[in-house]
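Asker: Contents are mmCIF, C-alpha atoms, pLDDT in the B column; chains and numbers go by the auth columns; file name model07.cif:
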data_run
loop_
_atom_site.group_PDB
_atom_site.id
_atom_site.type_symbol
_atom_site.label_atom_id
_atom_site.label_comp_id
_atom_site.label_asym_id
_atom_site.label_seq_id
_atom_site.Cartn_x
_atom_site.Cartn_y
_atom_site.Cartn_z
_atom_site.B_iso_or_equiv
_atom_site.auth_seq_id
_atom_site.auth_asym_id
ATOM 1 C CA MET A 1 3.232 14.213 -6.836 68.00 1 A
ATOM 2 C CA GLY A 2 1.957 16.827 -9.278 82.00 2 A
ATOM 3 C CA SER A 3 -1.496 18.369 -9.144 90.00 3 A
ATOM 4 C CA ALA A 4 -2.499 16.551 -12.334 93.00 4 A
ATOM 5 C CA THR A 5 -1.697 13.193 -10.753 96.00 5 A
ATOM 6 C CA THR A 6 -3.539 14.120 -7.548 96.00 6 A
ATOM 7 C CA GLN A 7 -6.675 14.878 -9.551 96.00 7 A
ATOM 8 C CA ALA A 8 -6.221 11.765 -11.677 97.00 8 A
ATOM 9 C CA LEU A 9 -5.965 9.528 -8.603 97.00 9 A
ATOM 10 C CA ALA A 10 -9.143 11.026 -7.177 97.00 10 A
ATOM 11 C CA ALA A 11 -10.961 10.406 -10.466 97.00 11 A
ATOM 12 C CA THR A 12 -9.829 6.782 -10.761 98.00 12 A
ATOM 13 C CA THR A 13 -10.776 6.078 -7.149 97.00 13 A
ATOM 14 C CA THR A 14 -14.231 7.462 -7.885 97.00 14 A
ATOM 15 C CA ALA A 15 -14.441 5.199 -10.934 98.00 15 A
ATOM 16 C CA LEU A 16 -13.548 2.188 -8.778 98.00 16 A
ATOM 17 C CA ASP A 17 -16.188 3.107 -6.217 97.00 17 A
ATOM 18 C CA ALA A 18 -18.806 3.219 -8.983 97.00 18 A
ATOM 19 C CA ALA A 19 -17.696 -0.005 -10.691 97.00 19 A
ATOM 20 C CA SER A 20 -19.547 -3.288 -10.391 94.00 20 A
ATOM 21 C CA GLY A 21 -18.078 -6.758 -10.531 94.00 21 A
ATOM 22 C CA VAL A 22 -14.819 -5.834 -8.788 97.00 22 A
ATOM 23 C CA ASN A 23 -13.278 -9.092 -7.560 97.00 23 A
ATOM 24 C CA LEU A 24 -9.821 -10.573 -7.072 97.00 24 A
ATOM 25 C CA ASP A 25 -9.582 -11.434 -10.758 97.00 25 A
ATOM 26 C CA VAL A 26 -9.989 -7.744 -11.571 98.00 26 A
ATOM 27 C CA ALA A 27 -7.299 -6.900 -9.027 98.00 27 A
ATOM 28 C CA ARG A 28 -4.956 -9.480 -10.560 97.00 28 A
ATOM 29 C CA GLU A 29 -5.564 -8.063 -14.023 98.00 29 A
ATOM 30 C CA LEU A 30 -4.880 -4.526 -12.846 98.00 30 A
ATOM 31 C CA PHE A 31 -1.614 -5.606 -11.214 98.00 31 A
ATOM 32 C CA ALA A 32 -0.633 -7.389 -14.439 97.00 32 A
ATOM 33 C CA ALA A 33 -1.478 -4.268 -16.437 98.00 33 A
ATOM 34 C CA ALA A 34 0.636 -2.095 -14.133 97.00 34 A
ATOM 35 C CA ARG A 35 3.599 -4.431 -14.646 96.00 35 A
ATOM 36 C CA ALA A 36 3.122 -4.535 -18.420 96.00 36 A
ATOM 37 C CA VAL A 37 2.843 -0.765 -18.747 97.00 37 A
ATOM 38 C CA GLY A 38 5.748 -0.182 -16.366 95.00 38 A
ATOM 39 C CA GLU A 39 8.038 -2.512 -18.288 93.00 39 A
ATOM 40 C CA THR A 40 7.513 -0.763 -21.641 93.00 40 A
ATOM 41 C CA SER A 41 8.394 2.916 -21.864 94.00 41 A
ATOM 42 C CA GLN A 42 6.758 3.157 -25.278 95.00 42 A
ATOM 43 C CA LEU A 43 3.456 1.860 -23.910 96.00 43 A
ATOM 44 C CA SER A 44 3.513 3.978 -20.737 96.00 44 A
ATOM 45 C CA GLY A 45 4.456 7.039 -22.773 96.00 45 A
ATOM 46 C CA ALA A 46 1.600 6.503 -25.210 96.00 46 A
ATOM 47 C CA LEU A 47 -0.961 6.044 -22.441 97.00 47 A
ATOM 48 C CA ALA A 48 0.271 9.063 -20.482 96.00 48 A
ATOM 49 C CA ASP A 49 0.407 11.358 -23.546 96.00 49 A
ATOM 50 C CA SER A 50 -2.217 13.987 -22.735 92.00 50 A
ATOM 51 C CA ALA A 51 -1.791 15.464 -26.219 94.00 51 A
ATOM 52 C CA ALA A 52 -3.178 12.276 -27.756 96.00 52 A
ATOM 53 C CA PRO A 53 -6.977 11.977 -28.073 97.00 53 A
ATOM 54 C CA ILE A 54 -8.677 9.980 -25.332 97.00 54 A
ATOM 55 C CA GLU A 55 -10.107 7.578 -27.900 97.00 55 A
ATOM 56 C CA ALA A 56 -6.603 6.858 -29.183 97.00 56 A
ATOM 57 C CA ARG A 57 -5.450 5.982 -25.668 97.00 57 A
ATOM 58 C CA ARG A 58 -8.520 3.810 -25.145 98.00 58 A
ATOM 59 C CA THR A 59 -7.752 2.027 -28.415 97.00 59 A
ATOM 60 C CA VAL A 60 -4.292 1.175 -27.079 97.00 60 A
ATOM 61 C CA ILE A 61 -5.862 -0.250 -23.904 98.00 61 A
ATOM 62 C CA ALA A 62 -8.254 -2.394 -25.945 98.00 62 A
ATOM 63 C CA SER A 63 -5.553 -3.689 -28.284 97.00 63 A
ATOM 64 C CA VAL A 64 -3.150 -4.609 -25.487 97.00 64 A
ATOM 65 C CA PHE A 65 -5.435 -5.841 -22.696 97.00 65 A
ATOM 66 C CA SER A 66 -8.880 -6.806 -24.008 96.00 66 A
ATOM 67 C CA ALA A 67 -7.897 -10.410 -24.738 96.00 67 A
ATOM 68 C CA SER A 68 -6.673 -11.021 -21.181 95.00 68 A
ATOM 69 C CA SER A 69 -8.942 -8.791 -19.097 97.00 69 A
ATOM 70 C CA THR A 70 -12.566 -8.610 -18.034 97.00 70 A
ATOM 71 C CA ALA A 71 -14.855 -5.776 -19.083 97.00 71 A
ATOM 72 C CA THR A 72 -14.631 -4.310 -15.576 98.00 72 A
ATOM 73 C CA THR A 73 -10.844 -4.148 -15.783 98.00 73 A
ATOM 74 C CA ILE A 74 -10.953 -2.526 -19.218 98.00 74 A
ATOM 75 C CA ASP A 75 -13.424 0.082 -17.930 98.00 75 A
ATOM 76 C CA LEU A 76 -11.109 0.887 -15.029 98.00 76 A
ATOM 77 C CA LEU A 77 -8.033 1.097 -17.281 98.00 77 A
ATOM 78 C CA ASN A 78 -9.992 3.414 -19.552 98.00 78 A
ATOM 79 C CA ALA A 79 -10.731 5.561 -16.507 98.00 79 A
ATOM 80 C CA VAL A 80 -6.972 5.732 -15.899 98.00 80 A
ATOM 81 C CA VAL A 81 -6.022 6.789 -19.431 97.00 81 A
ATOM 82 C CA ASP A 82 -8.902 9.280 -19.583 97.00 82 A
ATOM 83 C CA GLN A 83 -7.019 11.337 -16.991 97.00 83 A
ATOM 84 C CA ARG A 84 -4.064 13.662 -17.298 96.00 84 A
ATOM 85 C CA TRP A 85 -1.006 12.447 -15.357 97.00 85 A
ATOM 86 C CA SER A 86 2.065 14.423 -14.334 96.00 86 A
ATOM 87 C CA SER A 87 4.333 11.696 -15.746 96.00 87 A
ATOM 88 C CA ALA A 88 4.265 8.222 -17.257 96.00 88 A
ATOM 89 C CA ALA A 89 5.662 6.838 -13.988 96.00 89 A
ATOM 90 C CA ASP A 90 2.730 8.374 -12.115 97.00 90 A
ATOM 91 C CA LEU A 91 0.318 6.648 -14.496 97.00 91 A
ATOM 92 C CA VAL A 92 1.932 3.280 -13.727 97.00 92 A
ATOM 93 C CA ASP A 93 1.730 3.988 -9.989 97.00 93 A
ATOM 94 C CA GLY A 94 -1.904 4.988 -10.510 97.00 94 A
ATOM 95 C CA ILE A 95 -2.770 1.617 -12.038 98.00 95 A
ATOM 96 C CA GLU A 96 -0.998 -0.146 -9.165 98.00 96 A
ATOM 97 C CA GLU A 97 -2.885 1.967 -6.626 98.00 97 A
ATOM 98 C CA LEU A 98 -6.132 1.063 -8.352 98.00 98 A
ATOM 99 C CA ALA A 99 -5.204 -2.623 -8.088 98.00 99 A
ATOM 100 C CA ILE A 100 -4.492 -2.328 -4.363 98.00 100 A
ATOM 101 C CA ARG A 101 -7.781 -0.543 -3.780 98.00 101 A
ATOM 102 C CA ALA A 102 -9.555 -3.195 -5.875 98.00 102 A
ATOM 103 C CA VAL A 103 -8.338 -5.897 -3.482 98.00 103 A
ATOM 104 C CA ALA A 104 -9.846 -3.937 -0.580 97.00 104 A
ATOM 105 C CA VAL A 105 -13.146 -3.627 -2.456 97.00 105 A
ATOM 106 C CA ALA A 106 -13.191 -7.257 -3.581 97.00 106 A
ATOM 107 C CA GLU A 107 -12.739 -8.769 -0.114 95.00 107 A
ATOM 108 C CA PRO A 108 -14.334 -6.371 2.408 94.00 108 A
ATOM 109 C CA GLN A 109 -14.635 -9.079 5.082 94.00 109 A
ATOM 110 C CA VAL A 110 -10.882 -9.774 5.164 94.00 110 A
ATOM 111 C CA ASP A 111 -8.756 -7.861 7.685 93.00 111 A
ATOM 112 C CA LEU A 112 -6.150 -6.943 5.078 95.00 112 A
ATOM 113 C CA GLY A 113 -4.535 -4.363 7.331 92.00 113 A
ATOM 114 C CA ALA A 114 -3.747 -6.868 10.065 92.00 114 A
ATOM 115 C CA GLU A 115 -2.455 -9.470 7.616 96.00 115 A
ATOM 116 C CA LEU A 116 -0.260 -6.956 5.782 95.00 116 A
ATOM 117 C CA PHE A 117 1.124 -5.714 9.078 93.00 117 A
ATOM 118 C CA GLN A 118 1.932 -9.251 10.194 93.00 118 A
ATOM 119 C CA PHE A 119 3.751 -9.962 6.936 95.00 119 A
ATOM 120 C CA SER A 120 5.681 -6.713 7.273 93.00 120 A
ATOM 121 C CA ARG A 121 6.811 -7.738 10.779 92.00 121 A
ATOM 122 C CA THR A 122 7.846 -11.152 9.453 94.00 122 A
ATOM 123 C CA VAL A 123 10.005 -9.459 6.821 94.00 123 A
ATOM 124 C CA ALA A 124 11.470 -7.036 9.373 91.00 124 A
ATOM 125 C CA GLU A 125 12.465 -9.922 11.643 92.00 125 A
ATOM 126 C CA ASN A 126 13.976 -12.014 8.844 94.00 126 A
ATOM 127 C CA PRO A 127 16.834 -10.221 6.994 92.00 127 A
ATOM 128 C CA GLU A 128 17.333 -13.172 4.642 93.00 128 A
ATOM 129 C CA LEU A 129 13.711 -13.021 3.545 93.00 129 A
ATOM 130 C CA GLU A 130 13.896 -9.262 3.066 92.00 130 A
ATOM 131 C CA LEU A 131 17.035 -9.703 0.964 91.00 131 A
ATOM 132 C CA ALA A 132 15.445 -12.453 -1.145 91.00 132 A
ATOM 133 C CA LEU A 133 12.355 -10.385 -1.863 91.00 133 A
ATOM 134 C CA GLY A 134 14.205 -7.116 -2.333 86.00 134 A
ATOM 135 C CA SER A 135 17.145 -8.231 -4.453 84.00 135 A
ATOM 136 C CA ARG A 136 17.319 -6.604 -7.869 80.00 136 A
ATOM 137 C CA LEU A 137 18.923 -9.756 -9.250 78.00 137 A
ATOM 138 C CA GLY A 138 16.181 -12.189 -8.272 76.00 138 A
ATOM 139 C CA ASP A 139 13.627 -13.519 -10.741 86.00 139 A
ATOM 140 C CA VAL A 140 10.372 -11.623 -10.159 88.00 140 A
ATOM 141 C CA SER A 141 8.148 -14.643 -10.726 91.00 141 A
ATOM 142 C CA ALA A 142 10.195 -16.581 -8.161 93.00 142 A
ATOM 143 C CA LYS A 143 9.603 -13.786 -5.647 93.00 143 A
ATOM 144 C CA GLY A 144 5.879 -14.031 -6.244 93.00 144 A
ATOM 145 C CA ALA A 145 6.009 -17.800 -5.807 94.00 145 A
ATOM 146 C CA LEU A 146 7.967 -17.399 -2.558 94.00 146 A
ATOM 147 C CA VAL A 147 5.320 -15.063 -1.129 95.00 147 A
ATOM 148 C CA LYS A 148 2.558 -17.474 -2.122 95.00 148 A
ATOM 149 C CA SER A 149 4.313 -20.351 -0.382 94.00 149 A
ATOM 150 C CA LEU A 150 4.912 -18.293 2.765 93.00 150 A
ATOM 151 C CA LEU A 151 1.324 -17.067 3.014 94.00 151 A
ATOM 152 C CA ALA A 152 -0.447 -20.195 1.805 89.00 152 A
ATOM 153 C CA THR A 153 -1.714 -21.130 5.268 88.00 153 A
ATOM 154 C CA ARG A 154 -1.104 -17.853 7.092 91.00 154 A
ATOM 155 C CA ALA A 155 -3.136 -15.270 5.208 95.00 155 A
ATOM 156 C CA SER A 156 -6.152 -14.823 2.988 96.00 156 A
ATOM 157 C CA GLU A 157 -6.083 -15.158 -0.780 96.00 157 A
ATOM 158 C CA ALA A 158 -6.596 -11.393 -0.993 97.00 158 A
ATOM 159 C CA THR A 159 -3.438 -10.621 0.981 97.00 159 A
ATOM 160 C CA THR A 160 -1.488 -13.235 -0.950 97.00 160 A
ATOM 161 C CA VAL A 161 -2.536 -11.734 -4.288 96.00 161 A
ATOM 162 C CA LEU A 162 -1.661 -8.245 -3.109 97.00 162 A
ATOM 163 C CA VAL A 163 1.790 -9.004 -1.682 97.00 163 A
ATOM 164 C CA ALA A 164 2.816 -11.451 -4.423 96.00 164 A
ATOM 165 C CA SER A 165 1.908 -8.856 -7.040 96.00 165 A
ATOM 166 C CA LEU A 166 3.755 -6.023 -5.340 95.00 166 A
ATOM 167 C CA VAL A 167 7.053 -7.866 -4.924 94.00 167 A
ATOM 168 C CA GLN A 168 7.084 -8.580 -8.653 92.00 168 A
ATOM 169 C CA ALA A 169 7.166 -4.866 -9.471 90.00 169 A
ATOM 170 C CA PRO A 170 9.169 -3.141 -6.702 88.00 170 A
ATOM 171 C CA ASN A 171 10.279 -0.169 -8.852 86.00 171 A
ATOM 172 C CA GLU A 172 13.265 0.581 -6.621 85.00 172 A
ATOM 173 C CA ARG A 173 11.150 0.353 -3.458 89.00 173 A
ATOM 174 C CA ARG A 174 11.950 -1.794 -0.424 91.00 174 A
ATOM 175 C CA VAL A 175 9.525 -4.566 0.505 93.00 175 A
ATOM 176 C CA ARG A 176 8.440 -2.928 3.739 91.00 176 A
ATOM 177 C CA GLU A 177 7.863 0.328 1.878 92.00 177 A
ATOM 178 C CA LEU A 178 5.605 -1.495 -0.583 94.00 178 A
ATOM 179 C CA ILE A 179 3.612 -3.083 2.246 94.00 179 A
ATOM 180 C CA ALA A 180 3.327 0.182 4.191 91.00 180 A
ATOM 181 C CA ARG A 181 1.930 1.995 1.145 93.00 181 A
ATOM 182 C CA ALA A 182 -0.502 -0.838 0.469 96.00 182 A
ATOM 183 C CA SER A 183 -1.691 -0.761 4.088 94.00 183 A
ATOM 184 C CA GLN A 184 -2.373 2.962 3.892 92.00 184 A
ATOM 185 C CA LEU A 185 -4.276 2.619 0.621 96.00 185 A
ATOM 186 C CA VAL A 186 -6.366 -0.293 1.899 96.00 186 A
ATOM 187 C CA ALA A 187 -7.239 1.674 5.029 94.00 187 A
ATOM 188 C CA ASP A 188 -8.096 4.776 3.004 93.00 188 A
ATOM 189 C CA GLN A 189 -10.324 2.767 0.667 96.00 189 A
ATOM 190 C CA ARG A 190 -12.192 1.481 3.699 94.00 190 A
ATOM 191 C CA GLY A 191 -12.441 4.894 5.345 92.00 191 A
ATOM 192 C CA ARG A 192 -9.869 4.196 8.034 91.00 192 A
ATOM 193 C CA THR A 193 -6.460 5.471 9.156 91.00 193 A
ATOM 194 C CA VAL A 194 -3.560 3.225 10.176 89.00 194 A
ATOM 195 C CA ALA A 195 -1.584 4.049 13.314 90.00 195 A
ATOM 196 C CA THR A 196 1.564 2.120 14.213 91.00 196 A
ATOM 197 C CA VAL A 197 2.061 2.116 17.971 90.00 197 A
ATOM 198 C CA TYR A 198 5.495 1.393 19.446 91.00 198 A
ATOM 199 C CA THR A 199 5.360 0.398 23.096 90.00 199 A
ATOM 200 C CA ALA A 200 7.547 -1.476 25.572 88.00 200 A
ATOM 201 C CA ALA A 201 4.699 -3.746 26.663 88.00 201 A
ATOM 202 C CA PRO A 202 1.428 -4.839 25.031 90.00 202 A
ATOM 203 C CA LEU A 203 -1.526 -2.493 25.476 90.00 203 A
ATOM 204 C CA SER A 204 -4.540 -3.789 27.337 92.00 204 A
ATOM 205 C CA ALA A 205 -7.841 -3.909 25.457 92.00 205 A
ATOM 206 C CA ALA A 206 -9.047 -0.855 27.384 94.00 206 A
ATOM 207 C CA GLN A 207 -5.860 1.106 26.644 92.00 207 A
ATOM 208 C CA ALA A 208 -6.042 0.250 22.942 92.00 208 A
ATOM 209 C CA GLU A 209 -9.691 1.278 22.814 92.00 209 A
ATOM 210 C CA ARG A 210 -8.997 4.633 24.491 93.00 210 A
ATOM 211 C CA LEU A 211 -6.021 5.326 22.234 91.00 211 A
ATOM 212 C CA ALA A 212 -7.968 4.467 19.084 92.00 212 A
ATOM 213 C CA ALA A 213 -10.836 6.704 20.181 93.00 213 A
ATOM 214 C CA THR A 214 -8.478 9.609 20.932 92.00 214 A
ATOM 215 C CA LEU A 215 -6.706 9.272 17.578 92.00 215 A
ATOM 216 C CA SER A 216 -10.000 8.910 15.730 92.00 216 A
ATOM 217 C CA GLN A 217 -11.192 12.177 17.236 91.00 217 A
ATOM 218 C CA ARG A 218 -7.935 13.919 16.359 91.00 218 A
ATOM 219 C CA TYR A 219 -7.786 12.685 12.742 89.00 219 A
ATOM 220 C CA GLY A 220 -11.507 12.660 12.017 88.00 220 A
ATOM 221 C CA ASN A 221 -11.467 9.049 10.888 87.00 221 A
ATOM 222 C CA ALA A 222 -11.709 5.552 12.327 90.00 222 A
ATOM 223 C CA VAL A 223 -8.211 4.424 13.347 91.00 223 A
ATOM 224 C CA THR A 224 -6.740 0.925 13.199 89.00 224 A
ATOM 225 C CA LEU A 225 -3.870 0.240 15.618 91.00 225 A
ATOM 226 C CA ASN A 226 -0.874 -1.876 14.659 89.00 226 A
ATOM 227 C CA THR A 227 1.254 -2.502 17.755 90.00 227 A
ATOM 228 C CA VAL A 228 5.005 -3.099 17.743 89.00 228 A
ATOM 229 C CA ILE A 229 6.663 -4.199 20.974 90.00 229 A
ATOM 230 C CA ASP A 230 9.891 -2.192 21.219 87.00 230 A
ATOM 231 C CA PRO A 231 11.901 -2.344 24.476 86.00 231 A
ATOM 232 C CA SER A 232 13.817 0.815 23.504 84.00 232 A
ATOM 233 C CA VAL A 233 10.657 2.818 24.123 83.00 233 A
ATOM 234 C CA VAL A 234 11.182 2.107 27.880 79.00 234 A
ATOM 235 C CA GLY A 235 7.743 3.406 28.902 80.00 235 A
ATOM 236 C CA GLY A 236 4.845 5.258 27.360 84.00 236 A
ATOM 237 C CA LEU A 237 4.437 4.929 23.617 88.00 237 A
ATOM 238 C CA ARG A 238 5.226 6.344 20.213 88.00 238 A
ATOM 239 C CA VAL A 239 2.548 6.597 17.533 91.00 239 A
ATOM 240 C CA GLN A 240 3.160 7.047 13.829 90.00 240 A
ATOM 241 C CA ILE A 241 0.412 7.909 11.355 89.00 241 A
ATOM 242 C CA ALA A 242 1.813 8.465 7.863 81.00 242 A
ATOM 243 C CA ASP A 243 4.385 11.247 8.384 82.00 243 A
ATOM 244 C CA ASP A 244 3.030 12.290 11.784 88.00 244 A
ATOM 245 C CA VAL A 245 4.846 11.053 14.882 89.00 245 A
ATOM 246 C CA ILE A 246 3.472 11.447 18.395 89.00 246 A
ATOM 247 C CA ASP A 247 6.233 10.541 20.828 87.00 247 A
ATOM 248 C CA ALA A 248 5.101 10.159 24.427 81.00 248 A
ATOM 249 C CA SER A 249 7.768 7.636 25.369 78.00 249 A
ATOM 250 C CA VAL A 250 10.045 7.785 28.393 71.00 250 A
ATOM 251 C CA SER A 251 13.058 7.384 26.096 69.00 251 A
ATOM 252 C CA ALA A 252 12.059 10.532 24.194 66.00 252 A
ATOM 253 C CA ARG A 253 11.670 12.500 27.421 67.00 253 A
ATOM 254 C CA LEU A 254 15.074 11.286 28.645 61.00 254 A
ATOM 255 C CA ALA A 255 16.692 12.266 25.338 68.00 255 A
ATOM 256 C CA ASP A 256 15.108 15.699 25.582 67.00 256 A
ATOM 257 C CA LEU A 257 16.351 16.085 29.159 57.00 257 A
ATOM 258 C CA ARG A 258 19.895 15.102 28.152 68.00 258 A
ATOM 259 C CA GLN A 259 19.814 17.641 25.345 69.00 259 A
ATOM 260 C CA ARG A 260 18.638 20.382 27.712 66.00 260 A
ATOM 261 C CA LEU A 261 21.368 19.574 30.238 67.00 261 A
ATOM 262 C CA ALA A 262 24.028 19.605 27.526 69.00 262 A
ATOM 263 C CA SER A 263 23.000 22.996 26.115 62.00 263 A
#
Translate this structure into C-alpha cells?
Answerer:
Amino acid sequence: MGSATTQALAATTTALDAASGVNLDVARELFAAARAVGETSQLSGALADSAAPIEARRTVIASVFSASSTATTIDLLNAVVDQRWSSAADLVDGIEELAIRAVAVAEPQVDLGAELFQFSRTVAENPELELALGSRLGDVSAKGALVKSLLATRASEATTVLVASLVQAPNERRVRELIARASQLVADQRGRTVATVYTAAPLSAAQAERLAATLSQRYGNAVTLNTVIDPSVVGGLRVQIADDVIDASVSARLADLRQRLAS
C-alpha cells in the first residue's frame, strides 16, 4: 500500500465518521459502487486520475451514481475521489473498505465480529461451500443469493449484506481472506482489535477475561477474542492478531525442543 493510499484511507474514514444518515442502504450502495468501478477500467482510471480536476471526478460520480444512490452515498464517494490514490485498484479497495466500515456504523448494536467469525468457521469446515463461493466460474449473483439463504436465520441483516456483497467481488481473494479483512475493519471502526485464539480446550470465562485484559494492555486497545478449538495445540494457546503471533502452546515448545536436540 502506497503512502498516497494510506492518507486517502484515513481521509475517507474521517469523512465517514462525520457523515450523517449512514445506514445499510448506504452500505449497499457503496458496495455496488465498488463493484461497478472495479468492473470498468475506464471508470476506475478516470476516478483515480489525480491529474484530473476534482470537480471533473465529482462530475463522473454524479453522472454514474446519482440516479441510484442517496445523497449520503454520493458525499462519501466524492470524499473518495477527492483523494489521491496510489493506483486505480487501491481506489476500488478504498470504496469497498468504506462500505464495510459503513455497515459497522449503521448497525452498532450488532455483534458483527462474532457473526463474521462464525461464518468464517462454517466456510472453513465445509470445503464444498468454500469452493462454491470461491470459484471463478460461478455466477456472482448466485453466490450472493447463496450467502443470503445460508444466513437468513443465522445472522443479522448487517452481516448478510456485508458477506453477500463481498463474495460478489472477490478480486482474486479467498472467501476466508475477505471475511478476515472485513472483521479487522469492523473492529477498527469500533475501536477494537480482533485476536484469534487457538486452544485445545475452551477457555473459561475468567481465563478469557484475563487474556483479553492482558492483550488490551499490550496493544492499547479493547480486544475481542475469537476462539478456535484446535487439538494440535495440545496445551496452552496460540494467539494471532493481524500479523502478530504469540505462541504459548505445548506443541510449539515441543517443536522447539526437537529442533534444539537435532542441532
Asker: Using Å and a single decimal, report how far CA of Val194 (chain A) sits from CA of Ala10 (chain A).
Answerer: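 Distance between the two atoms: 19.8 Å.
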Asker: Mind checking which residues fall within 10 Å of Ala142 (chain A), counting all atoms listed in the file, ignoring those fewer than 4 positions away in the same chain, and posting them as a PDB file with C-alpha atoms, keeping the file's coordinate frame?
Answerer:
ATOM      1  CA  ALA A 132      15.445 -12.453  -1.145  1.00 91.00           C
ATOM      2  CA  LEU A 133      12.355 -10.385  -1.863  1.00 91.00           C
ATOM      3  CA  GLY A 138      16.181 -12.189  -8.272  1.00 76.00           C
ATOM      4  CA  LEU A 146       7.967 -17.399  -2.558  1.00 94.00           C
ATOM      5  CA  VAL A 147       5.320 -15.063  -1.129  1.00 95.00           C
ATOM      6  CA  LYS A 148       2.558 -17.474  -2.122  1.00 95.00           C
ATOM      7  CA  ALA A 164       2.816 -11.451  -4.423  1.00 96.00           C
ATOM      8  CA  VAL A 167       7.053  -7.866  -4.924  1.00 94.00           C
ATOM      9  CA  GLN A 168       7.084  -8.580  -8.653  1.00 92.00           C
TER      10      GLN A 168
END
Asker: From the options A:Ala195, A:Ser204, A:Leu131, A:Asp49, which residue's atoms come nearest to Lys143 (chain A), counting only C-alpha atoms?
Answerer: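 Ranked by minimum distance to Lys143 (chain A), first place goes to A:Leu131.
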Asker: For Pro170 (chain A), which of A:Val228, A:Ala152, A:Val140, A:Ile95 is the closest residue, counting all atoms listed in the file?
Answerer: A:Val140
Asker: Given the PyMOL selection byres ((chain A and resi 231-239) around 7) and the file above, list the residues it selects as a PDB file with C-alpha atoms, in the coordinates of the input.
Answerer:
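Written out: expr_26.pdb:
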ATOM      1  CA  ALA A 195      -1.584   4.049  13.314  1.00 90.00           C
ATOM      2  CA  THR A 196       1.564   2.120  14.213  1.00 91.00           C
ATOM      3  CA  VAL A 197       2.061   2.116  17.971  1.00 90.00           C
ATOM      4  CA  TYR A 198       5.495   1.393  19.446  1.00 91.00           C
ATOM      5  CA  THR A 199       5.360   0.398  23.096  1.00 90.00           C
ATOM      6  CA  ALA A 200       7.547  -1.476  25.572  1.00 88.00           C
ATOM      7  CA  ILE A 229       6.663  -4.199  20.974  1.00 90.00           C
ATOM      8  CA  ASP A 230       9.891  -2.192  21.219  1.00 87.00           C
ATOM      9  CA  GLN A 240       3.160   7.047  13.829  1.00 90.00           C
ATOM     10  CA  ILE A 241       0.412   7.909  11.355  1.00 89.00           C
ATOM     11  CA  VAL A 245       4.846  11.053  14.882  1.00 89.00           C
ATOM     12  CA  ILE A 246       3.472  11.447  18.395  1.00 89.00           C
ATOM     13  CA  ASP A 247       6.233  10.541  20.828  1.00 87.00           C
ATOM     14  CA  ALA A 248       5.101  10.159  24.427  1.00 81.00           C
ATOM     15  CA  SER A 249       7.768   7.636  25.369  1.00 78.00           C
ATOM     16  CA  VAL A 250      10.045   7.785  28.393  1.00 71.00           C
ATOM     17  CA  SER A 251      13.058   7.384  26.096  1.00 69.00           C
TER      18      SER A 251
END
Asker: Using all atoms listed in the file, can you tell me which of A:Asp243, A:Glu128, A:Glu97, A:Glu55 comes closest to Asp188 (chain A)?
Answerer: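 Of A:Asp243, A:Glu128, A:Glu97, A:Glu55, the one nearest Asp188 (chain A), counting all atoms listed in the file, is A:Glu97.
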Asker: Just how far from CA of Leu98 (chain A) is CA of Glu29 (chain A), in Å to one decimal?
Answerer: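 That distance, rounded to one decimal, is 10.8 Å.
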Asker: Of the candidates A:Ala222, A:Leu77, A:Ala124, A:Ala212, which one gets nearest to Ile179 (chain A) if we count all atoms listed in the file?
Answerer: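 Counting all atoms listed in the file, the residue closest to Ile179 (chain A) is A:Ala124.
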Asker: Running the PyMOL selection byres ((chain A and resi 70-76) around 8) on this model by hand, what would come out? Give it as a compact mmCIF listing (two decimals) with C-alpha atoms, in the coordinates of the input.
Answerer:
# COMPACT_ATOMS: atom_id res chain seq x y z
CA THR A 12 -9.83 6.78 -10.76
CA ALA A 15 -14.44 5.20 -10.93
CA LEU A 16 -13.55 2.19 -8.78
CA ALA A 19 -17.70 0.00 -10.69
CA SER A 20 -19.55 -3.29 -10.39
CA GLY A 21 -18.08 -6.76 -10.53
CA VAL A 22 -14.82 -5.83 -8.79
CA VAL A 26 -9.99 -7.74 -11.57
CA GLU A 29 -5.56 -8.06 -14.02
CA LEU A 30 -4.88 -4.53 -12.85
CA ILE A 61 -5.86 -0.25 -23.90
CA ALA A 62 -8.25 -2.39 -25.94
CA PHE A 65 -5.44 -5.84 -22.70
CA SER A 66 -8.88 -6.81 -24.01
CA SER A 68 -6.67 -11.02 -21.18
CA SER A 69 -8.94 -8.79 -19.10
CA LEU A 77 -8.03 1.10 -17.28
CA ASN A 78 -9.99 3.41 -19.55
CA ALA A 79 -10.73 5.56 -16.51
CA VAL A 80 -6.97 5.73 -15.90
Asker: Exactly which residues make up the result of the PyMOL selection byres ((chain A and resi 89) around 12) on this file, given as a ChimeraX atom specification?
Answerer: /A:1-2,5,34-35,37-49,85-88,90-96,171
Asker: How would you write as a list of chain:residue names the residues that get within 12 Å of (-9.8, -11.8, 7.2) in the file's frame, counting all atoms listed in the file?
Answerer: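 Result, sorted by chain then residue number: A:Ala104, A:Glu107, A:Pro108, A:Gln109, A:Val110, A:Asp111, A:Leu112, A:Gly113, A:Ala114, A:Glu115, A:Leu116, A:Arg154, A:Ala155, A:Ser156, A:Glu157, A:Ala158, A:Thr159, A:Thr160.
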Asker: Could you work out how far CA of Ala27 (chain A) lies from CA of Asp139 (chain A), giving the answer in Å with one decimal?
Answerer: 22.0 Å
Asker: Considering all atoms listed in the file, can you say which of A:Ala242, A:Ala102, A:Arg173, A:Gln83 comes closest to Arg28 (chain A)?
Answerer: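 So, comparing all the options, the nearest one is A:Ala102.
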